[in-house]
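*Asks:* Quick one, input12.txt (compact mmCIF, C-alpha atoms):
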```txt
# COMPACT_ATOMS: atom_id res chain seq x y z
CA MET A 899 22.16 94.13 112.49
CA ARG A 900 22.86 92.76 109.06
CA LYS A 901 22.35 96.19 107.52
CA TYR A 902 24.97 97.66 109.77
CA LEU A 903 27.38 94.94 108.92
CA ILE A 904 26.95 95.46 105.17
CA ALA A 905 27.29 99.22 105.57
CA ALA A 906 30.47 98.82 107.59
CA LEU A 907 31.90 96.43 105.02
CA PHE A 908 31.00 98.85 102.22
CA LEU A 909 32.65 101.78 103.98
CA LEU A 910 35.72 99.70 104.66
CA SER A 911 36.13 98.66 101.03
CA VAL A 912 35.59 102.24 99.80
CA SER A 913 38.21 103.58 102.17
CA ALA A 914 40.56 100.79 101.12
CA ILE A 915 40.14 101.81 97.47
CA ILE A 916 40.82 105.46 98.31
CA TYR A 917 43.81 104.50 100.42
CA SER A 918 45.33 102.38 97.64
CA CYS A 919 44.74 105.19 95.15
CA GLN A 920 46.68 107.58 97.32
CA SER A 921 49.59 105.23 97.63
CA ALA A 922 49.94 104.68 93.87
CA GLU A 923 52.12 107.75 93.68
CA LYS A 924 54.00 106.59 96.71
CA ILE A 925 54.55 103.24 95.03
CA GLU A 926 55.95 104.94 91.93
CA GLN A 927 58.26 106.98 94.11
CA ASP A 928 59.38 103.84 95.90
CA ILE A 929 60.15 102.16 92.58
CA TYR A 930 62.16 105.20 91.50
CA TYR A 931 63.92 105.20 94.86
CA THR A 932 64.96 101.53 94.71
CA ASN A 933 66.11 101.74 91.09
CA GLY A 934 67.87 104.99 91.95
CA ARG A 935 69.72 103.23 94.74
CA ASP A 936 71.04 100.60 92.32
CA LEU A 937 72.18 103.34 89.93
CA TYR A 938 73.74 105.23 92.82
CA ILE A 939 75.77 102.19 93.88
CA LYS A 940 76.94 101.72 90.30
CA HIS A 941 77.77 105.29 89.33
CA CYS A 942 78.04 107.50 92.40
CA GLN A 943 78.98 105.53 95.50
CA ASN A 944 82.72 105.23 94.75
CA CYS A 945 83.18 108.94 95.28
CA HIS A 946 80.16 110.06 97.29
CA GLY A 947 80.20 107.10 99.68
CA SER A 948 77.63 104.52 100.72
CA LYS A 949 75.97 107.00 103.11
CA GLY A 950 76.46 110.06 100.91
CA GLU A 951 79.23 111.20 103.23
CA GLY A 952 81.58 112.35 100.44
CA LEU A 953 85.36 111.94 100.63
CA GLY A 954 87.50 114.42 102.56
CA ALA A 955 87.81 117.65 100.62
CA LEU A 956 87.80 115.75 97.31
CA THR A 957 84.13 114.85 96.95
CA PRO A 958 81.29 116.84 98.52
CA PRO A 959 78.76 114.99 100.70
CA LEU A 960 75.12 114.62 99.67
CA THR A 961 73.91 115.34 103.19
CA ASP A 962 73.64 119.12 102.73
CA THR A 963 69.84 119.22 102.39
CA LEU A 964 69.79 122.98 101.79
CA TYR A 965 72.22 122.73 98.87
CA LEU A 966 70.17 119.97 97.24
CA LYS A 967 66.92 121.94 97.72
CA LYS A 968 68.41 125.12 96.34
CA HIS A 969 69.93 123.42 93.30
CA LYS A 970 67.17 120.89 92.67
CA GLN A 971 66.53 122.06 89.11
CA HIS A 972 70.29 121.91 88.38
CA LEU A 973 70.82 118.36 89.65
CA ALA A 974 69.90 116.76 86.31
CA CYS A 975 72.42 118.97 84.48
CA ILE A 976 75.14 118.26 87.06
CA ILE A 977 74.69 114.50 86.70
CA LYS A 978 74.45 114.59 82.90
CA ASN A 979 77.24 117.08 82.17
CA GLY A 980 79.48 116.87 85.22
CA LEU A 981 80.61 119.80 87.31
CA THR A 982 83.76 121.92 87.51
CA GLY A 983 84.65 125.02 89.44
CA PRO A 984 84.44 125.93 93.12
CA ILE A 985 81.32 125.14 95.13
CA VAL A 986 80.45 125.32 98.83
CA VAL A 987 78.67 122.32 100.29
CA GLY A 988 77.96 121.93 103.98
CA GLY A 989 80.16 124.96 104.73
CA LYS A 990 83.21 123.40 103.05
CA ASN A 991 84.91 124.43 99.80
CA PHE A 992 85.24 121.98 96.93
CA ASP A 993 87.03 122.62 93.66
CA ASP A 994 87.46 119.39 91.74
CA LYS A 995 85.94 117.86 88.69
CA MET A 996 82.88 115.67 88.72
CA PRO A 997 82.77 113.55 85.56
CA ALA A 998 79.82 113.70 83.15
CA PHE A 999 77.40 110.78 83.06
CA ASN A 1000 75.99 111.55 79.64
CA ASN A 1001 75.17 107.91 78.93
CA LEU A 1002 72.35 107.98 81.48
CA ALA A 1003 68.79 108.19 80.16
CA ASP A 1004 66.36 110.75 81.55
CA ILE A 1005 64.52 108.12 83.54
CA ASP A 1006 67.81 106.96 85.12
CA ILE A 1007 68.58 110.53 86.13
CA ALA A 1008 65.07 110.94 87.57
CA GLN A 1009 65.49 107.76 89.62
CA LEU A 1010 68.90 108.88 90.84
CA ILE A 1011 67.55 112.26 91.88
CA VAL A 1012 64.65 110.63 93.73
CA TYR A 1013 67.14 108.45 95.60
CA ILE A 1014 69.59 111.25 96.38
CA THR A 1015 66.93 113.72 97.49
CA ASN A 1016 65.19 111.13 99.69
CA SER A 1017 68.18 109.55 101.41
CA SER A 1018 71.06 110.78 103.57
CA GLY A 1019 68.70 112.95 105.59
CA ASN A 1020 66.80 114.38 102.59
CA HIS A 1021 63.01 114.06 102.20
CA GLN A 1022 62.04 115.91 99.05
CA GLY A 1023 59.57 113.47 97.54
CA MET A 1024 58.94 112.55 93.92
CA TYR A 1025 60.79 113.90 90.90
CA LYS A 1026 59.39 112.86 87.55
CA THR A 1027 61.16 111.91 84.33
CA GLU A 1028 59.42 114.74 82.43
CA GLN A 1029 60.98 117.16 84.89
CA VAL A 1030 64.45 115.86 83.94
CA THR A 1031 63.78 116.58 80.26
CA LYS A 1032 62.60 120.06 81.21
CA ASP A 1033 65.56 120.75 83.49
CA LEU A 1034 68.06 119.47 80.94
CA SER A 1035 66.79 121.92 78.31
CA ASN A 1036 67.69 124.75 80.69
CA CYS A 1037 71.22 123.61 81.50
CA ASN A 1038 73.05 126.63 80.19
CA GLN A 1039 70.96 129.19 81.99
CA MET B 691 84.63 58.47 138.14
CA LYS B 692 87.15 60.57 139.99
CA PHE B 693 89.60 59.83 137.26
CA ILE B 694 87.23 61.37 134.68
CA LYS B 695 86.73 64.38 136.90
CA ASN B 696 90.45 64.96 136.96
CA LEU B 697 90.70 64.36 133.29
CA PHE B 698 88.34 67.16 132.37
CA PRO B 699 90.45 70.13 133.56
CA ALA B 700 93.51 68.49 132.06
CA PHE B 701 91.74 68.20 128.74
CA PHE B 702 90.62 71.82 129.01
CA CYS B 703 94.19 72.95 129.67
CA ALA B 704 95.40 70.98 126.69
CA VAL B 705 92.85 72.63 124.39
CA LEU B 706 93.79 76.04 125.75
CA LEU B 707 97.47 75.33 125.19
CA LEU B 708 96.76 74.18 121.67
CA LEU B 709 94.79 77.33 120.91
CA PHE B 710 97.58 79.53 122.23
CA SER B 711 100.26 77.76 120.30
CA CYS B 712 98.16 78.12 117.15
CA ASN B 713 97.86 81.86 117.65
CA ASN B 714 101.56 82.25 118.18
CA ASN B 715 102.39 80.29 115.08
CA LYS B 716 100.02 82.11 112.77
CA LYS B 717 101.96 83.61 109.91
CA LEU B 718 100.95 85.26 106.69
CA PRO B 719 101.84 83.43 103.48
CA ILE B 720 104.66 84.64 101.26
CA TYR B 721 103.57 85.38 97.70
CA GLY B 722 105.40 85.64 94.41
CA GLU B 723 107.77 83.38 92.54
CA ARG B 724 110.32 81.33 94.41
CA GLY B 725 113.82 80.27 93.57
CA THR B 726 116.44 78.28 95.41
CA GLU B 727 119.98 79.03 96.38
CA THR B 728 122.76 77.03 97.91
CA VAL B 729 123.90 78.35 101.26
CA LYS B 730 127.06 77.40 103.12
CA ASN B 731 126.63 76.32 106.70
CA PRO B 732 129.15 77.50 109.31
CA ASP B 733 130.68 74.02 109.38
CA GLY B 734 131.47 74.09 105.66
CA SER B 735 128.63 71.83 104.48
CA THR B 736 126.01 73.25 102.11
CA ARG B 737 122.22 73.32 102.17
CA ILE B 738 119.45 74.50 99.83
CA ASP B 739 117.46 77.55 100.89
CA SER B 740 114.44 79.12 99.21
CA VAL B 741 114.62 82.62 97.82
CA TYR B 742 111.43 84.70 97.78
CA GLN B 743 110.42 87.37 95.36
CA THR B 744 111.27 90.80 96.75
CA ILE B 745 110.64 94.39 95.75
CA PRO B 746 113.79 95.72 94.04
CA ALA B 747 115.43 99.09 94.73
CA PHE B 748 113.36 102.07 93.55
CA LYS B 749 113.49 105.84 93.50
CA PHE B 750 110.44 108.06 93.03
CA LEU B 751 109.51 111.71 93.51
CA ASN B 752 106.99 112.16 96.33
CA GLN B 753 104.29 114.74 97.06
CA ASP B 754 106.87 117.08 98.59
CA SER B 755 109.01 116.91 95.42
CA THR B 756 111.78 115.03 97.22
CA TYR B 757 113.10 111.67 96.18
CA ILE B 758 112.15 108.64 98.23
CA THR B 759 113.83 105.28 97.77
CA ASN B 760 113.47 101.75 99.07
CA ASP B 761 115.57 102.93 102.04
CA THR B 762 112.66 105.15 103.12
CA PHE B 763 110.81 101.89 103.84
CA LYS B 764 113.72 100.16 105.56
CA ASP B 765 112.60 98.23 108.66
CA LYS B 766 108.95 99.07 107.96
CA ILE B 767 106.07 97.08 106.70
CA TYR B 768 104.12 99.02 104.10
CA ILE B 769 101.01 98.91 101.97
CA ALA B 770 101.48 99.76 98.31
CA ASP B 771 98.86 100.59 95.69
CA PHE B 772 98.43 102.16 92.26
CA PHE B 773 95.97 104.96 91.50
CA PHE B 774 95.63 108.34 89.81
CA THR B 775 94.12 111.54 91.11
CA SER B 776 91.57 112.15 88.36
CA CYS B 777 90.23 108.59 88.64
CA SER B 778 86.50 108.43 89.13
CA SER B 779 86.05 104.67 89.29
CA ILE B 780 87.79 102.55 91.92
CA CYS B 781 90.45 104.89 93.33
CA PRO B 782 88.20 107.00 95.56
CA VAL B 783 86.80 103.93 97.27
CA MET B 784 90.27 102.32 97.56
CA HIS B 785 91.65 105.38 99.26
CA ARG B 786 88.54 105.85 101.37
CA ASN B 787 89.12 102.33 102.71
CA LEU B 788 92.90 102.69 102.99
CA LYS B 789 92.41 105.94 104.89
CA THR B 790 90.61 104.03 107.66
CA ILE B 791 93.69 101.78 108.01
CA PHE B 792 95.94 104.85 107.88
CA ASP B 793 93.95 106.45 110.69
CA GLN B 794 94.33 103.28 112.79
CA TYR B 795 98.11 103.16 112.32
CA LYS B 796 98.84 106.87 112.37
CA ASP B 797 102.12 107.50 114.20
CA ASN B 798 103.02 103.81 114.21
CA LYS B 799 106.69 103.94 113.21
CA ASP B 800 106.61 100.42 111.77
CA VAL B 801 103.84 100.99 109.22
CA MET B 802 103.95 103.09 106.07
CA PHE B 803 101.81 103.63 102.96
CA LEU B 804 102.97 104.02 99.36
CA SER B 805 100.62 105.08 96.58
CA HIS B 806 102.00 105.24 93.04
CA THR B 807 100.26 107.34 90.44
CA ILE B 808 99.93 105.76 87.01
CA ASP B 809 99.02 109.10 85.40
CA PHE B 810 102.54 110.15 84.43
CA LYS B 811 101.21 113.03 82.32
CA TYR B 812 99.18 114.97 84.85
CA ASP B 813 99.91 113.78 88.41
CA LYS B 814 103.04 115.82 89.14
CA PRO B 815 104.11 116.16 92.81
CA SER B 816 102.12 119.39 93.28
CA VAL B 817 98.95 117.61 92.12
CA LEU B 818 99.69 114.68 94.44
CA LYS B 819 100.24 117.07 97.37
CA LYS B 820 96.86 118.70 96.82
CA TYR B 821 95.22 115.30 96.54
CA ALA B 822 96.82 114.07 99.77
CA GLN B 823 95.72 117.16 101.66
CA LYS B 824 92.20 116.90 100.35
CA LEU B 825 92.09 113.27 101.39
CA GLY B 826 93.17 114.44 104.84
CA VAL B 827 96.68 112.96 104.81
CA TYR B 828 99.54 114.99 106.26
CA GLY B 829 103.12 114.08 107.15
CA ASP B 830 105.35 111.52 105.48
CA GLN B 831 103.88 108.23 106.70
CA TRP B 832 101.77 107.97 103.53
CA GLN B 833 103.86 108.64 100.44
CA PHE B 834 102.23 109.57 97.13
CA VAL B 835 104.81 109.09 94.43
CA TYR B 836 105.38 110.02 90.82
CA GLY B 837 107.62 108.20 88.37
CA THR B 838 108.04 107.70 84.66
CA LYS B 839 105.68 105.36 82.88
CA GLU B 840 108.39 102.71 82.46
CA GLU B 841 109.42 102.78 86.12
CA VAL B 842 105.95 102.69 87.62
CA TYR B 843 104.31 100.31 85.16
CA SER B 844 107.19 97.85 85.37
CA ILE B 845 107.37 97.79 89.18
CA ALA B 846 103.57 97.42 89.29
CA GLU B 847 103.37 94.42 87.02
CA LYS B 848 106.63 92.63 87.67
CA ASN B 849 107.12 93.26 91.37
CA TYR B 850 103.84 94.19 93.06
CA LEU B 851 101.87 91.98 90.63
CA VAL B 852 99.23 94.65 89.97
CA ALA B 853 97.98 95.15 86.42
CA VAL B 854 98.02 98.76 85.23
CA MET B 855 97.69 100.24 81.76
CA GLU B 856 96.75 103.19 79.64
CA ASP B 857 93.41 102.73 77.91
CA LYS B 858 92.19 105.20 75.32
CA ASN B 859 88.71 103.68 75.43
CA ASP B 860 88.29 104.29 79.14
CA LYS B 861 86.60 107.50 80.25
CA ASP B 862 89.50 108.41 82.52
CA GLY B 863 92.27 107.17 80.21
CA TYR B 864 93.79 104.57 82.55
CA VAL B 865 92.71 101.25 84.01
CA HIS B 866 94.25 99.37 86.89
CA GLN B 867 93.55 96.81 89.57
CA GLY B 868 92.66 97.89 93.06
CA TRP B 869 94.98 95.66 95.08
CA LEU B 870 96.40 96.91 98.34
CA VAL B 871 99.69 95.01 98.55
CA LEU B 872 101.17 94.27 101.96
CA ILE B 873 104.99 94.24 101.98
CA ASP B 874 107.03 93.01 104.94
CA LYS B 875 110.32 94.35 106.33
CA ASP B 876 112.21 91.94 104.08
CA LYS B 877 110.48 93.40 100.99
CA ARG B 878 108.41 90.28 100.40
CA ILE B 879 104.75 90.29 99.37
CA ARG B 880 102.66 89.01 102.28
CA GLY B 881 99.17 89.82 101.11
CA ALA B 882 97.03 91.50 98.46
CA TYR B 883 93.61 92.85 99.34
CA ASP B 884 90.93 94.22 97.04
CA GLY B 885 90.82 97.84 98.15
CA THR B 886 87.30 98.29 96.82
CA LYS B 887 85.80 95.63 99.12
CA PRO B 888 85.25 96.59 102.77
CA GLU B 889 85.56 92.95 103.92
CA ALA B 890 88.95 92.55 102.19
CA VAL B 891 90.16 95.76 103.79
CA ALA B 892 88.94 94.48 107.15
CA GLN B 893 91.09 91.40 106.58
CA LEU B 894 94.08 93.67 105.87
CA ALA B 895 93.40 95.46 109.15
CA LYS B 896 93.52 92.06 110.89
CA ASP B 897 96.66 90.90 109.06
CA ILE B 898 98.83 93.93 109.82
CA PRO B 899 99.19 93.07 113.55
CA VAL B 900 99.96 89.44 112.60
CA LEU B 901 102.77 90.59 110.34
CA LEU B 902 104.07 93.06 112.91
CA ALA B 903 104.11 90.28 115.52
CA GLU B 904 106.52 88.27 113.35
CA TYR B 905 109.16 90.92 113.89
CA LYS B 906 108.63 91.26 117.63
CA LYS B 907 111.33 89.58 119.61
```
Rewrite the structure of this file - the entire thing - as structure tokens.
*Replies:*
Amino acid sequence: MRKYLIAALFLLSVSAIIYSCQSAEKIEQDIYYTNGRDLYIKHCQNCHGSKGEGLGALTPPLTDTLYLKKHKQHLACIIKNGLTGPIVVGGKNFDDKMPAFNNLADIDIAQLIVYITNSSGNHQGMYKTEQVTKDLSNCNQ
Amino acid sequence: MKFIKNLFPAFFCAVLLLLFSCNNNKKLPIYGERGTETVKNPDGSTRIDSVYQTIPAFKFLNQDSTYITNDTFKDKIYIADFFFTSCSSICPVMHRNLKTIFDQYKDNKDVMFLSHTIDFKYDKPSVLKKYAQKLGVYGDQWQFVYGTKEEVYSIAEKNYLVAVMEDKNDKDGYVHQGWLVLIDKDKRIRGAYDGTKPEAVAQLAKDIPVLLAEYKK
């Protein structure tokens, strides 16, 4: 009886270790997400809205999951350098200027992207700071 | 004991009456500087009356390139603010919030909206028109107006009590306060609400009917 009990306890602790290992990445993503939300409120919410709903035909919403998926590797450049020219988001035309946020560090941009691509109906998972550096080097392509 | 029993409904009625009278008497404060003037009574005697700060006569070009004046707002209460179309800080959220009020009072003949641009270089009427349409505002109930720097900046600071200025250090080139200023039919300031705060804008939504009720006879 005692053997069984020890074995069960052992199995339980092993599975707990494995489980906590798996969630380490999830924890990092959650940290990025929460920090990203603070940055979003500070830099983005005025125009894009508290629920990413956008503003009329002035500011596009962030709820177009297909647009965000398709342009995922451009998001860092858009945030850092701003955006001008016509775009179509959620089936609507937009042609105004988004200002550049070139004072943001790569890690800020990564956190923002994690927040944006995992809120307002998006579930795209983690996006690492190294990826921002990589994406930013390809801005003009 | 019976006496107390009778007293209770009477007390209840009294409280109810008190509540009602309070509601009827609720008035918004009058802001701005005050002066006094001597008024003649019909019987020849004189009395002292207070004079409230009012919005002076103005004339601006609106989004349809026609002039609007203070007469456009005659017998209306209106909400005035200062913004510019290329603003990326507080203006979008101010107008997002003001738009919810606009949608509530659409087609109410007693309520109007007046947004002044402080970007006298770029925000010409055609730019304002595009902005209004993109915000989803049509018709003439919400006026977006353009004026010279002197006209707009002076009426903002002296009359609406909203600070506005050019700022070369700011990313967008201008800084201003986000007050939504409530003006009554007698051109007096009856409230100022931070247009960036949803709870302040909710208060504005509550105060508009109170102000309108003052003019109901």
*Asks:* Taking all atoms listed in the file into account, what are the residues of chain A at most 7 Å from chain B, put as a PyMOL selection string?
*Replies:* chain A and resi 944-945+953-956
*Asks:* Which neighbours of Thr961 of chain A fall inside 10 Å, counting only C-alpha atoms, when residues of the same chain fewer than 6 positions from it are skipped, and could you give them as number ranges by chain?
*Replies:* A: 949-952, 987-988, 1014-1015, 1017-1020
*Asks:* Write out as a ChimeraX atom specification each polymer residue whose atoms come within 12 Å of His1021 of chain A, counting all atoms listed in the file; drop sequence neighbours fewer than 4 positions from it.
*Replies:* /A:927,931,961-964,966-967,1011-1017,1025
*Asks:* Keeping only C-alpha atoms, take the residues you just selected and write them out as a tab-separated table (two decimals), in the frame of the given file.
*Replies:*
```tsv
chain	number	residue	atom	x	y	z
A	927	GLN	CA	58.26	106.98	94.11
A	931	TYR	CA	63.92	105.20	94.86
A	961	THR	CA	73.91	115.34	103.19
A	962	ASP	CA	73.64	119.12	102.73
A	963	THR	CA	69.84	119.22	102.39
A	964	LEU	CA	69.79	122.98	101.79
A	966	LEU	CA	70.17	119.97	97.24
A	967	LYS	CA	66.92	121.94	97.72
A	1011	ILE	CA	67.55	112.26	91.88
A	1012	VAL	CA	64.65	110.63	93.73
A	1013	TYR	CA	67.14	108.45	95.60
A	1014	ILE	CA	69.59	111.25	96.38
A	1015	THR	CA	66.93	113.72	97.49
A	1016	ASN	CA	65.19	111.13	99.69
A	1017	SER	CA	68.18	109.55	101.41
A	1025	TYR	CA	60.79	113.90	90.90
```
*Asks:* For segment 1007-1009 of chain A, find every residue with an atom within 10 Å (counting all atoms listed in the file), except residues of its own chain fewer than 6 positions away, and show them as a list of chain:residue names.
*Replies:*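 Listed by chain and then number, they are A:Gln927, A:Asp928, A:Ile929, A:Tyr930, A:Tyr931, A:Thr932, A:Asn933, A:Gly934, A:Arg935, A:Asp936, A:Leu937, A:Tyr938, A:Leu973, A:Ala974, A:Cys975, A:Ile977, A:Lys978, A:Phe999, A:Asn1000, A:Thr1015, A:Met1024, A:Tyr1025, A:Lys1026, A:Thr1027, A:Glu1028, A:Gln1029, A:Val1030, A:Thr1031.
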*Asks:* Rank A:Gly1023, A:His941, A:Pro959, A:Lys970 by their smallest atom-to-atom distance to Leu1002 of chain A, using all atoms listed in the file, and report the top residue only.
*Replies:*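 Result for the nearest residue to Leu1002 of chain A: A:His941.
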